[in-house]
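Visitor: Sharing a structure, written as structure tokens. Questions coming.
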Amino acid sequence: MLAAGWAAAFPLFSTLPTHRVWGISAAAGYVGAALAACGLPRPRARAFSVASALAGAVAVPLLYLVLTGRAQSEVGVIERSGALLVQQASPYLDDPRTVTDYNPYLPGMALFGLPRALWGDHVPALRLLGDARVWCAAVFLLCLGAGRSLTRRGRGIRTPAEGSSYVTSLTALLASPVVALPLCVSGVDLAPAGLCCLALVLAARERPVAAGLVLAFACSLKWTTWPAVAVAAALLAATCGGRAALRCAGAALAGAAVLILPSALLSPGPMVQQVLAFPTGRGELATPAASPLPGRLLADLGPVGWYAAVALLLCGGLAVAASLVLRPPTDAVGAADRLAAGLAVAFLLAPAGRFGYLALPVVLIVWTRLATGAARRPLGVGKTLPRTLG
């Protein structure tokens, strides 16, 4: 009922039509989930409860919003950047005039806009298949599926109950407000989240090059994924040695350079203004990412407050970096926790940010425990076996 109350607040207080649509549908789904959990026999209660939440919070609002062409502004930005990538090989407008003209993402994000640019939206099927949210969600789910498969290898016999428990828990995570809302209205943060999860699992499974290549794609989407390179390298250094860490970091940086440099060379000025200045609140136009988080509140005090927020952000980043050197993670859960901590500090102290950004740390913390079974182990079990954890 707590999730239902949270969702029901959106139609009352949100100014975004997409959020109001999601809130109405999700509230109904969560109420149905609560009723199923309380009124049905135990073996059936869980299945009906999860199904109701998933239908109300994900399936119904996503289909409705996609087929009616409603989305947050970032979906339009991604789809326009895909069209620009086809037309001029760079996803950035040379002379942006309005907030929605700005593209605050790195060039790789334009790939999610290519289906719309190539297929259009003339019929409902193409409207659905070309929507950037659908592809962001697909990458997110594929990464979680691949990561789960990796964690299952070499762990002995698994019972059907264990697999069923994971599916139910994952479905509940997808139906939770922290994932369902961004999935339906934008999806832009979910693809990086899935890629980071997969990369950390690959690093824990001692596959440095594969982890680096996955990180390369993630790093070509948003700046917020770059700390994952340091965390994965620290994990590999602790479990496999410095050479593996260097291979991972090298693959990540080289791959990201291949995806980013062409656009950077074609549109250096627009890219700096839109990807660096605009998201940090130093652009010509104010960023709409203005949730009342500590960094934003400090930045609103003026230049001194902005520099104070940046100084605190740097101090937080240095503290997390020091922890990677002094006490590096030795398994996927530890690495995910460290990355989540660093990102949470960054999102809280950044001069501009949204509450929605916190979905990435939540997914990292929750999913790695579900995938590796850490949530079901007694405290301390498995910490001495870093090479077998995914």
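Numbering starts fresh at 1 for the residues of each chain in the structure tokens, the chains themselves are lettered A, B, ... in the order given, and ligands are numbered from 1 as they appear.
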Give me, as an mmCIF file with C-alpha atoms, in the first residue's frame, all polymer residues having an atom no more than 12 Å from Leu54 of chain A, counting only C-alpha atoms and skipping those fewer than 5 positions away in the same chain.
Guide:
```cif
data_model
loop_
_atom_site.group_PDB
_atom_site.id
_atom_site.type_symbol
_atom_site.label_atom_id
_atom_site.label_comp_id
_atom_site.auth_asym_id
_atom_site.auth_seq_id
_atom_site.Cartn_x
_atom_site.Cartn_y
_atom_site.Cartn_z
ATOM 1 C CA SER A 25 -2.333 3.083 -13.556
ATOM 2 C CA ALA A 26 0.376 2.124 -11.074
ATOM 3 C CA ALA A 27 -1.774 2.969 -8.055
ATOM 4 C CA ALA A 28 -4.476 0.639 -9.340
ATOM 5 C CA GLY A 29 -1.921 -2.113 -9.929
ATOM 6 C CA TYR A 30 -0.390 -1.749 -6.481
ATOM 7 C CA VAL A 31 -3.800 -1.753 -4.787
ATOM 8 C CA GLY A 32 -4.644 -4.934 -6.689
ATOM 9 C CA ALA A 33 -1.336 -6.427 -5.557
ATOM 10 C CA ALA A 47 1.912 -14.711 -8.303
ATOM 11 C CA PHE A 48 -1.266 -12.643 -8.515
ATOM 12 C CA SER A 49 0.242 -9.838 -6.459
ATOM 13 C CA ALA A 59 2.672 -3.019 -19.043
ATOM 14 C CA VAL A 60 -0.452 -0.843 -19.200
ATOM 15 C CA PRO A 61 1.136 2.617 -18.803
ATOM 16 C CA LEU A 62 4.082 1.802 -21.075
ATOM 17 C CA THR A 168 9.507 -13.419 -8.680
ATOM 18 C CA SER A 169 11.980 -11.094 -6.963
ATOM 19 C CA LEU A 170 13.174 -9.648 -10.276
ATOM 20 C CA THR A 171 9.599 -9.061 -11.405
ATOM 21 C CA ALA A 172 8.882 -7.297 -8.132
ATOM 22 C CA LEU A 173 11.939 -5.092 -8.697
ATOM 23 C CA LEU A 174 10.761 -4.224 -12.211
ATOM 24 C CA ALA A 175 7.285 -3.400 -10.900
ATOM 25 C CA SER A 176 8.604 -1.248 -8.061
ATOM 26 C CA PRO A 177 8.211 2.527 -8.458
ATOM 27 C CA VAL A 179 12.211 1.068 -11.860
ATOM 28 C CA ALA A 180 8.672 1.111 -13.285
ATOM 29 C CA LEU A 181 8.329 4.894 -13.427
ATOM 30 C CA LEU A 183 10.938 2.580 -17.582
ATOM 31 C CA CYS A 184 7.538 3.921 -18.663
#
```
Visitor: Applying 6 Å and only C-alpha atoms, which residues near segment 108-118 of chain A remain after dropping the ones on its own chain fewer than 6 positions away? List them as a list of chain:residue names.
Guide: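 Selected residues are A:Ile78, A:Glu79, A:Ser81, A:Gly82, A:Ala83, A:Gly130, A:Ala132, A:Ser220, A:Leu221.
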Visitor: When you draw a straight line from atom CA of Gly147 of chain A to atom CA of Val50 of chain A, how long is it in Å?
Guide: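 So the answer is 22.3 Å.
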Visitor: Pick out the closest residue to Gly255 of chain A from this set: A:Ala230, A:Ala7, A:Ala341, A:Leu213. Count only C-alpha atoms.
Guide: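 Answer, going by the shortest atom-to-atom distance: A:Leu213.
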Visitor: So that each row is one residue of segment 87-136 of chain A with an atom at most 8 Å from segment 186-193 of chain A, can you give its shortest atom pair and the distance in Å to one decimal, using only C-alpha atoms, rows by chain and rising number, as CSV?
Guide:
```
residue,atom,partner,partner_atom,distance
A:Ala132,CA,A:Gly187,CA,7.8
A:Arg133,CA,A:Gly187,CA,4.9
A:Val134,CA,A:Gly187,CA,7.8
A:Cys136,CA,A:Ala191,CA,5.0
```
Visitor: Any chance you could export the current selection's all heavy atoms as a PDB file, in the first residue's frame?
Guide:
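What follows is the written file result_18.pdb:
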```pdb
ATOM      1  N   ALA A 132      12.321   4.878 -28.231  1.00  0.00           N
ATOM      2  CA  ALA A 132      13.608   4.732 -27.551  1.00  0.00           C
ATOM      3  C   ALA A 132      13.457   4.047 -26.203  1.00  0.00           C
ATOM      4  O   ALA A 132      14.358   3.322 -25.757  1.00  0.00           O
ATOM      5  CB  ALA A 132      14.259   6.109 -27.370  1.00  0.00           C
ATOM      6  N   ARG A 133      12.308   4.261 -25.516  1.00  0.00           N
ATOM      7  CA  ARG A 133      12.097   3.610 -24.220  1.00  0.00           C
ATOM      8  C   ARG A 133      12.116   2.095 -24.343  1.00  0.00           C
ATOM      9  O   ARG A 133      12.631   1.388 -23.459  1.00  0.00           O
ATOM     10  CB  ARG A 133      10.754   4.056 -23.631  1.00  0.00           C
ATOM     11  CG  ARG A 133      10.734   5.432 -23.060  1.00  0.00           C
ATOM     12  CD  ARG A 133       9.319   5.873 -22.781  1.00  0.00           C
ATOM     13  NE  ARG A 133       8.557   6.088 -24.018  1.00  0.00           N
ATOM     14  CZ  ARG A 133       7.347   6.617 -24.067  1.00  0.00           C
ATOM     15  NH1 ARG A 133       6.741   6.950 -22.949  1.00  0.00           N
ATOM     16  NH2 ARG A 133       6.734   6.796 -25.215  1.00  0.00           N
ATOM     17  N   VAL A 134      11.544   1.590 -25.414  1.00  0.00           N
ATOM     18  CA  VAL A 134      11.477   0.139 -25.602  1.00  0.00           C
ATOM     19  C   VAL A 134      12.879  -0.441 -25.734  1.00  0.00           C
ATOM     20  O   VAL A 134      13.197  -1.492 -25.152  1.00  0.00           O
ATOM     21  CB  VAL A 134      10.620  -0.192 -26.834  1.00  0.00           C
ATOM     22  CG1 VAL A 134      10.677  -1.684 -27.153  1.00  0.00           C
ATOM     23  CG2 VAL A 134       9.176   0.255 -26.616  1.00  0.00           C
ATOM     24  N   CYS A 136      15.728   0.988 -24.660  1.00  0.00           N
ATOM     25  CA  CYS A 136      16.420   1.124 -23.378  1.00  0.00           C
ATOM     26  C   CYS A 136      16.020  -0.009 -22.435  1.00  0.00           C
ATOM     27  O   CYS A 136      16.872  -0.615 -21.767  1.00  0.00           O
ATOM     28  CB  CYS A 136      16.085   2.476 -22.742  1.00  0.00           C
ATOM     29  SG  CYS A 136      16.854   3.904 -23.537  1.00  0.00           S
TER      30      CYS A 136
END
```
Visitor: As a list in words, please: the residues near segment 311-320 of chain A (cut-off 7 Å, only C-alpha atoms, same-chain neighbours under 3 positions excluded).
Guide: Tyr307, Ala308, Ser323, Leu324, Gly342, Val345, Ala346, Leu349 and Ala350 of chain A
Visitor: Looking at only C-alpha atoms, which of A:Ser149, A:Thr98, A:Gln88, A:Asn103 is the one that sits closest to Lys222 of chain A?
Guide: A:Asn103
Visitor: Of the candidates A:Arg205, A:Pro268, A:Val275, A:Ile260, which one gets nearest to Phe217 of chain A if we count only C-alpha atoms?
Guide: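 Looking only at the distances to Phe217 of chain A, the closest residue turns out to be A:Ile260.
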Visitor: Under the rule that only C-alpha atoms are counted, which of A:Leu285, A:Leu326, A:Ala45, A:Ala216 is the nearest residue to Ala228 of chain A?
Guide: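 So, comparing all the options, the nearest one is A:Ala216.
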Visitor: Please provide as a PDB file with C-alpha atoms, in the first residue's frame all residues within 12 Å of Ala204 of chain A, with the sequence filter that same-chain residues fewer than 5 positions apart are discarded (counting only C-alpha atoms).
Guide:
```pdb
ATOM      1  CA  GLY A 147      24.337 -11.300 -15.819  1.00  0.00           C
ATOM      2  CA  LEU A 150      26.834 -15.800 -15.648  1.00  0.00           C
ATOM      3  CA  THR A 151      26.239 -15.990 -11.915  1.00  0.00           C
ATOM      4  CA  CYS A 197      25.398  -4.625 -13.582  1.00  0.00           C
ATOM      5  CA  LEU A 198      26.565  -6.905 -16.380  1.00  0.00           C
ATOM      6  CA  ALA A 199      30.053  -5.397 -16.426  1.00  0.00           C
ATOM      7  CA  ALA A 210      34.382  -8.526 -21.893  1.00  0.00           C
ATOM      8  CA  ALA A 211      33.741  -6.349 -18.852  1.00  0.00           C
ATOM      9  CA  VAL A 231      35.268  -0.066  -9.580  1.00  0.00           C
ATOM     10  CA  ALA A 232      35.568  -2.939 -12.068  1.00  0.00           C
ATOM     11  CA  ALA A 233      39.326  -2.380 -12.319  1.00  0.00           C
ATOM     12  CA  ALA A 234      39.663  -2.414  -8.519  1.00  0.00           C
ATOM     13  CA  LEU A 235      37.664  -5.653  -8.342  1.00  0.00           C
ATOM     14  CA  LEU A 236      39.860  -7.301 -10.959  1.00  0.00           C
ATOM     15  CA  ALA A 237      43.061  -6.028  -9.338  1.00  0.00           C
ATOM     16  CA  ALA A 238      42.009  -7.591  -6.041  1.00  0.00           C
ATOM     17  CA  THR A 239      41.004 -10.947  -7.512  1.00  0.00           C
ATOM     18  CA  CYS A 240      43.090 -11.400 -10.666  1.00  0.00           C
ATOM     19  CA  ALA A 244      43.626  -7.956 -15.660  1.00  0.00           C
ATOM     20  CA  ALA A 245      42.614  -4.575 -14.246  1.00  0.00           C
ATOM     21  CA  CYS A 248      39.601  -4.072 -18.457  1.00  0.00           C
ATOM     22  CA  PRO A 329      35.814  -5.093  -3.459  1.00  0.00           C
ATOM     23  CA  THR A 330      36.307  -8.815  -3.990  1.00  0.00           C
ATOM     24  CA  ASP A 331      32.958  -9.878  -5.446  1.00  0.00           C
ATOM     25  CA  ALA A 332      30.121  -8.530  -7.537  1.00  0.00           C
ATOM     26  CA  VAL A 333      28.002  -7.500  -4.554  1.00  0.00           C
ATOM     27  CA  GLY A 334      30.847  -5.564  -2.966  1.00  0.00           C
ATOM     28  CA  ALA A 335      31.659  -3.854  -6.257  1.00  0.00           C
ATOM     29  CA  ALA A 336      28.022  -2.943  -6.840  1.00  0.00           C
ATOM     30  CA  THR A 368      23.367  -8.092  -7.647  1.00  0.00           C
ATOM     31  CA  THR A 372      24.194 -13.952  -6.849  1.00  0.00           C
ATOM     32  CA  LEU A 385      35.332 -17.087  -2.425  1.00  0.00           C
ATOM     33  CA  PRO A 386      35.649 -14.071  -4.738  1.00  0.00           C
ATOM     34  CA  ARG A 387      36.546 -16.159  -7.759  1.00  0.00           C
ATOM     35  CA  THR A 388      33.279 -18.101  -7.712  1.00  0.00           C
ATOM     36  CA  LEU A 389      30.941 -15.182  -7.269  1.00  0.00           C
ATOM     37  CA  GLY A 390      29.262 -13.506 -10.223  1.00  0.00           C
TER      38      GLY A 390
END
```
Visitor: Tell me, in Å to one decimal, how far atom CA of Thr225 of chain A is from atom CA of Asp94 of chain A.
Guide: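 Atom CA of Asp94 of chain A lies 25.7 Å from atom CA of Thr225 of chain A.
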Visitor: Check the DSSP output for the backbone and give back, as a PyMOL selection string, the residues of segment 40-240 of chain A in helix (DSSP H, G or I).
Guide: chain A and resi 42-67+73-88+99-101+107-119+124-129+132-152+160-175+177-185+190-204+208-219+223-225+227-239
Visitor: Go ahead and compute the interatomic distance for atom CA of Thr280 of chain A and atom CA of Phe347 of chain A, in Å to one decimal.
Guide: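 Separation between atom CA of Thr280 of chain A and atom CA of Phe347 of chain A: 11.3 Å.
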Visitor: When distances are computed from only C-alpha atoms, which of A:Val201, A:Ser263, A:Ala309, A:Trp119 shows the smallest separation from Leu93 of chain A?
Guide: A:Ser263
